[in-house]
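First comes the structure, then the notes that go with it.
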Amino acid sequence: MKKRSMALVFVLLIAVSPAWAAAPEFDFRPPPTAGDAATPAIMRDLASRLIPVYQESDPERYLANLSALQMVLGDYTSADVSRQALRERRRRADAGRPVGRAIVYDIYAYAKAMEAENRIPFAEAFTKAFREVVSRLSDQDAYAVSQWLGTPLTVYREALQKGFDRQRAKDGIGQSEAMELIWKYISFDAYRAFGPLVASLDAEDNGRRYAVDNEILIRTPDGASISAVVIRPNGSTSPLPTLLEFTIYDSQTYAKECAAHGYVGVVAYVRGKHKNPNRAVPYQRDGDDARAVINWIAKQPWSDGRVGMYGDGYSGFTPWAAAKRLPPALKAIATSASAAPGIDVPMEGNVFQNSAYRWSSHMTNTKASDEKNYNDDARWRSLDQKWYRSGRRYRDMGRVYGKPNPIFIRWLNHPSYDRYWQKMVPYREQFAHINIPVLTTTGYYAASEPGDLYYFTQHHRYNAHADHKLLIGPYDDNLMRHAPSAALHGYQVDSAALADLRELRYQWFDHIFKSGALPSLLKDTVNYEVMGANQWQHAPSLEAMAGGRLKFYLDAAASGANRGLTLRKKTKAEFVQQTVSFVDRTDAGWTPPTDIVSKRVATHNGTMFVSDPLTEPSQFNGLFSGRLDFTVNKMDMDLNVALYELLASGEYVRLFSPGYEFRASYVRDRVHRHLLRAGERQALTFRSERMTSRQLQTGSRLVLVLDVNKRPDREINYGTGNDVSEESIADGKVPLRIRWYNDSYIEIPVRK
């Protein structure tokens, strides 16, 4: 013990010493694979050459990196001492804060040091280290550690492999790149060692912390049974508020997370899921069933009678389904990436999507063998192309795929937002009766953004006093499932946006149920991260995000590959001619790009319009709108609108993604179809269902891409005016011909 204490003092002294001479570059030849037999020796050799000359001005970073080098060299006793020194330096700053991910390496280094010093098997040493460290943690910290320790080994194997592959063509490696590779290796090596031990240790710790009942069946008023799991913190001596997820997916991860945060965590499953033998029918009964679960919770001895609902995707829809007829015990809703049936699933802008066929087929047939097929993207793309080339009706999708899907056919029978969809969630005046706090979280790059904004805008429209907050930033649909990524589809996300949104949700629930402070990010009704400005801003409404609007007209007279966007309308009437062939299927392999930042924009059955360089910086804040003035030879068409900032560097930045798509005959009214007048000049006025916030730079240009929606993964509108799902390529022999007049414009909400 005395030797270790002296070593700790020595390491602390080194950590505050001045940096050494300039770091050299090292010769390095990576192994072919992460798991290659030669990999440990190659990494030890790199660490042995780096450690004598390693320099770092930041003492804490120095100690962390030193411990990694020592672990790679196999000197785990010294690594354990270095990590103790690091903890000593951080002790005061970390007081009262949640544990960080570094604790994983504290446990690992401690276990390896015990293995070396006490000559005991690693499994025994790691078990001892885990119990000693984790048992002292709070439920919340222990839950975080269990999640980190449970990360699949493949994550670290792939990261190390990519690191090797990037280095392969280089002659040498610098100090910073070498340290990055050292950490990738030690992560892979550590998780490879303790990965098989984590599940049993986690289960042991859970048994001490939580009371779990996963055999619950809740009877509904119509005699059905809803399967549920309840997880309660063992340390509680009085009834607690409950957080409920009502889902179609067989998972209970969040229930334990709720219990770790001091709530009763309940996850309940739609009929036909978990231990319910019935066949699942998405969306239709979930409101009634969720209310039955809420009423059951309120009567339990461990419940204080208050329930909050949360979820994302499908379980982001079910709180709204329950709130359609608000049960007394439901006191708060927090949702993200929320499905809104009839709004953004199984169709968006009244245009059906093939992904709905794929998802509904899987959800209504839960055989284990289907899981692999469902996740096989290449297989589904191939089937999409098969249908597209066949030219068959959209209703024939099941025949083309060889798998009938009655749920999908039922959906196709309701192409308008009619009573079938209206019955699933609050509709119009029903929003006025939702008088509980609501938090909606979504992203500019989330496919579900229209659903989230629908709930938000409708709630505020029909309830002037709605306590409903929106948080939105540069996120996709995974914003709650994973921590926000610093790199999103090629875009470097602002550091301000890298907030822990899951933890923020618990802080918001604590504000509602435990009189906790309101998170600072939620200080107003609309809370949004301004991309490019690296800051959060707040507004009392979507309209208040902007102080004015810029109106850009389509410049039909512009020549060259791209048309223009002008701030002044030309007095002379002109138009852009656009023609789309429905019988041409040579584009069956086309897929929309996913990169947010790109060097070029390839239009697909569309036209690009580019503005002059902006003369001053301004923020694009909120929902854009527009008016399309045109003639068309058909009675209907499906359109897609996308906007970009074209930087002075030549890079295009998507302002939101995917694009705003809609069926022209439903722009005025999603409930009733209003066909176009073939051959007559007419106009469509629209307001986007997607929003963004970005700091537009001086010298940048605004780019509008206006596409006709004809692609293999969507329903195709041939323009006859009949039921689109009944149309086939035989209805498309005459191409779609449009004239876009220069009276057309888009309006951009801006704040200068």
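Convention: chains lettered A, B, ... in structure tokens order; per-chain residue numbering from 1; ligands numbered from 1 as shown.
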
Shell around Ser657 (chain A) at 10 Å using only C-alpha atoms, local window under 3 positions removed, as a PyMOL selection string:
chain A and resi 443-447+449+476+594-596+642-644+654+660+690-692

Do you know which residues are at most 12 Å from Glu574 (chain A) counting only C-alpha atoms, after dropping those on the same chain fewer than 3 positions away, and could you put them as a ChimeraX atom specification?
/A:553-558,569-571,577,629-630,739-744

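Distances from A:Ser225, A:Gln175, A:Asn709, A:Gln430 to Arg49 (chain A) were compared using only C-alpha atoms, and the smallest one belongs to A:Gln175.
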
Do you know which residues are at most 9 Å from region 454-471 of chain A counting only C-alpha atoms, after dropping those on the same chain fewer than 2 positions away, and could you put them as a PyMOL selection string?
chain A and resi 320+338+340+343+426-443+449-452+473+521-529+542+689

All strand (DSSP E) positions in region 337-559 of chain A, as an NGL selection string:
:A and (337-338 or 347-348 or 351-352 or 438-443 or 468-473 or 487-488 or 491-492 or 526-530 or 535-539 or 548-555)

Please identify all polymer residues within 7 Å of Ala34 (chain A), counting only C-alpha atoms, omitting same-chain residues fewer than 6 positions from it, and present them as a compact mmCIF listing (two decimals) with N, CA, C and O atoms, in the first residue's frame.
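Done, and the output landed in selection_17.txt:
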# COMPACT_ATOMS: atom_id res chain seq x y z
N ARG A 157 -14.63 -3.02 -32.16
CA ARG A 157 -13.88 -3.71 -33.21
C ARG A 157 -13.92 -2.90 -34.51
O ARG A 157 -12.90 -2.70 -35.17
N LEU A 160 -11.77 0.30 -34.25
CA LEU A 160 -10.34 0.00 -34.36
C LEU A 160 -9.98 -0.36 -35.80
O LEU A 160 -8.95 0.10 -36.33
N GLN A 161 -10.83 -1.13 -36.45
CA GLN A 161 -10.57 -1.51 -37.83
C GLN A 161 -10.52 -0.29 -38.74
O GLN A 161 -9.65 -0.16 -39.61

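For the pair CA of Tyr185 (chain A) and CA of Gln70 (chain A), the interatomic distance is 12.5 Å.
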
Show me a table, sorted first by chain and then by increasing residue number, of the residues of region 447-535 of chain A having an atom at most 10 Å from region 258-281 of chain A, each with its shortest atom pair and the distance in Å to one decimal, counting only C-alpha atoms and written as a tab-separated table.
residue	atom	partner	partner_atom	distance
A:Glu503	CA	A:His261	CA	9.5
A:Tyr506	CA	A:His261	CA	7.5
A:Gln507	CA	A:His261	CA	9.6
A:Phe509	CA	A:Tyr263	CA	9.8
A:Asp510	CA	A:His261	CA	9.1
A:Phe513	CA	A:Tyr263	CA	9.7

Using only C-alpha atoms, the best pick from A:Gln147, A:Asn354, A:Gln55, A:Ser360 as closest to Gly100 (chain A) would be A:Gln147

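From CA of His672 (chain A) back to CA of Ile407 (chain A), the distance works out to 22.5 Å.
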
Could you state the separation of CA of Phe28 (chain A) and CA of Glu56 (chain A) in Å, given to one decimal place?
21.0 Å

Determine, counting only C-alpha atoms, which protein, DNA and RNA residues have an atom within 9 Å of an atom of Ala111 (chain A); residues of the same chain fewer than 4 positions away are not included. Present the result as a VMD selection string.
chain A and resid 76 80 106 to 107 115 to 116 122 to 130

Go ahead and save the residues from that selection, with N, CA and C atoms, as a short mmCIF file (atom, residue, chain, number, x, y, z; two decimals), in the first residue's frame.
data_model
loop_
_atom_site.label_atom_id
_atom_site.label_comp_id
_atom_site.auth_asym_id
_atom_site.auth_seq_id
_atom_site.Cartn_x
_atom_site.Cartn_y
_atom_site.Cartn_z
N TYR A 76 -0.30 -2.83 -15.72
CA TYR A 76 -1.61 -2.45 -15.18
C TYR A 76 -1.52 -1.84 -13.79
N ASP A 80 -3.28 1.62 -13.05
CA ASP A 80 -4.23 1.83 -11.95
C ASP A 80 -3.83 3.04 -11.12
N ASP A 106 -11.47 2.82 -15.21
CA ASP A 106 -11.06 2.70 -13.80
C ASP A 106 -11.27 1.27 -13.32
N ILE A 107 -12.45 0.73 -13.60
CA ILE A 107 -12.76 -0.64 -13.17
C ILE A 107 -11.84 -1.64 -13.86
N GLU A 115 -5.39 -8.71 -10.88
CA GLU A 115 -5.01 -9.98 -11.54
C GLU A 115 -3.50 -10.16 -11.49
N ALA A 116 -2.75 -9.07 -11.79
CA ALA A 116 -1.29 -9.16 -11.83
C ALA A 116 -0.69 -9.28 -10.43
N PHE A 122 -8.68 -13.29 -14.24
CA PHE A 122 -9.26 -11.99 -14.55
C PHE A 122 -10.74 -11.94 -14.20
N ALA A 123 -11.50 -13.01 -14.47
CA ALA A 123 -12.94 -13.02 -14.18
C ALA A 123 -13.18 -12.75 -12.70
N GLU A 124 -12.36 -13.34 -11.84
CA GLU A 124 -12.51 -13.12 -10.39
C GLU A 124 -12.14 -11.68 -10.04
N ALA A 125 -11.07 -11.17 -10.64
CA ALA A 125 -10.63 -9.81 -10.34
C ALA A 125 -11.65 -8.78 -10.83
N PHE A 126 -12.19 -9.00 -12.02
CA PHE A 126 -13.16 -8.03 -12.55
C PHE A 126 -14.44 -8.05 -11.72
N THR A 127 -14.86 -9.25 -11.31
CA THR A 127 -16.06 -9.36 -10.47
C THR A 127 -15.87 -8.58 -9.18
N LYS A 128 -14.70 -8.72 -8.57
CA LYS A 128 -14.41 -8.00 -7.33
C LYS A 128 -14.40 -6.49 -7.57
N ALA A 129 -13.75 -6.06 -8.65
CA ALA A 129 -13.66 -4.63 -8.96
C ALA A 129 -15.05 -4.06 -9.25
N PHE A 130 -15.84 -4.79 -10.03
CA PHE A 130 -17.19 -4.33 -10.36
C PHE A 130 -18.02 -4.15 -9.09
#

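Residue nearest Asp189 (chain A), chosen from A:Gln252, A:Asn206, A:Ser361, A:Thr154 and counting only C-alpha atoms: A:Thr154.
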
For Arg306 (chain A), work out the shell of residues within 8 Å, counting only C-alpha atoms and skipping chain neighbours fewer than 3 positions away, then give it as a list in words.
Pro241, Thr242, Ala298, Ser303, Ala329, Leu330 and Lys331 of chain A

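Minimum distance to Ala113 (chain A) across A:Arg92, A:Arg209, A:Val134, A:Ser82 (counting only C-alpha atoms) occurs at A:Ser82.
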
Taking the backbone alone, and naming residues the way the document does, which bits of region 493-740 of chain A are helix (DSSP H, G or I) by DSSP, as an MDAnalysis selection string?
chainID A and resid 495:497 501:513 520:522 543:545 664:666 724:726 729:732

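Non-sequential neighbours of Ile738 (chain A) (distance at most 10 Å, separation of 6 or more positions within a chain, only C-alpha atoms) are Phe575, Val576, Gln577, Gln578, Thr579, Val580, Phe630, Thr631, Val632, Asn633, Lys634, Met637, Gly679 and Val708 of chain A.
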
Can I get the selected residues back with N, CA, C and O atoms, as a CSV table (one decimal), in the first residue's frame?
chain,number,residue,atom,x,y,z
A,575,PHE,N,-42.0,31.3,-67.9
A,575,PHE,CA,-42.1,30.0,-67.2
A,575,PHE,C,-41.0,29.1,-67.5
A,575,PHE,O,-40.3,29.2,-68.5
A,576,VAL,N,-40.8,28.1,-66.6
A,576,VAL,CA,-39.9,27.0,-66.8
A,576,VAL,C,-40.7,25.8,-67.2
A,576,VAL,O,-41.7,25.4,-66.5
A,577,GLN,N,-40.3,25.1,-68.2
A,577,GLN,CA,-41.0,23.9,-68.7
A,577,GLN,C,-40.3,22.7,-68.0
A,577,GLN,O,-39.1,22.5,-68.0
A,578,GLN,N,-41.1,21.8,-67.5
A,578,GLN,CA,-40.6,20.6,-66.9
A,578,GLN,C,-41.5,19.4,-67.4
A,578,GLN,O,-42.7,19.5,-67.4
A,579,THR,N,-40.8,18.4,-67.8
A,579,THR,CA,-41.4,17.2,-68.3
A,579,THR,C,-40.9,15.9,-67.6
A,579,THR,O,-39.7,15.8,-67.4
A,580,VAL,N,-41.8,15.1,-67.2
A,580,VAL,CA,-41.5,13.8,-66.5
A,580,VAL,C,-42.1,12.6,-67.2
A,580,VAL,O,-43.4,12.6,-67.3
A,630,PHE,N,-48.7,27.7,-61.8
A,630,PHE,CA,-48.3,26.7,-62.8
A,630,PHE,C,-49.5,26.3,-63.7
A,630,PHE,O,-50.7,26.6,-63.4
A,631,THR,N,-49.2,25.7,-64.8
A,631,THR,CA,-50.2,24.9,-65.6
A,631,THR,C,-49.6,23.5,-65.6
A,631,THR,O,-48.4,23.2,-65.7
A,632,VAL,N,-50.5,22.5,-65.7
A,632,VAL,CA,-50.1,21.1,-65.8
A,632,VAL,C,-51.2,20.3,-66.6
A,632,VAL,O,-52.3,20.7,-66.6
A,633,ASN,N,-50.7,19.3,-67.3
A,633,ASN,CA,-51.6,18.6,-68.2
A,633,ASN,C,-52.3,17.4,-67.4
A,633,ASN,O,-53.0,16.6,-68.1
A,634,LYS,N,-52.1,17.3,-66.1
A,634,LYS,CA,-52.7,16.2,-65.3
A,634,LYS,C,-53.6,16.8,-64.3
A,634,LYS,O,-53.6,18.0,-64.0
A,637,MET,N,-50.5,15.6,-59.0
A,637,MET,CA,-49.0,15.3,-59.0
A,637,MET,C,-48.5,15.4,-57.6
A,637,MET,O,-49.1,16.0,-56.7
A,679,GLY,N,-54.6,21.7,-67.7
A,679,GLY,CA,-54.5,22.7,-68.8
A,679,GLY,C,-54.8,24.1,-68.4
A,679,GLY,O,-54.7,25.0,-69.3
A,708,VAL,N,-40.5,16.5,-59.0
A,708,VAL,CA,-41.7,15.6,-59.1
A,708,VAL,C,-41.4,14.3,-58.5
A,708,VAL,O,-40.4,13.7,-58.8
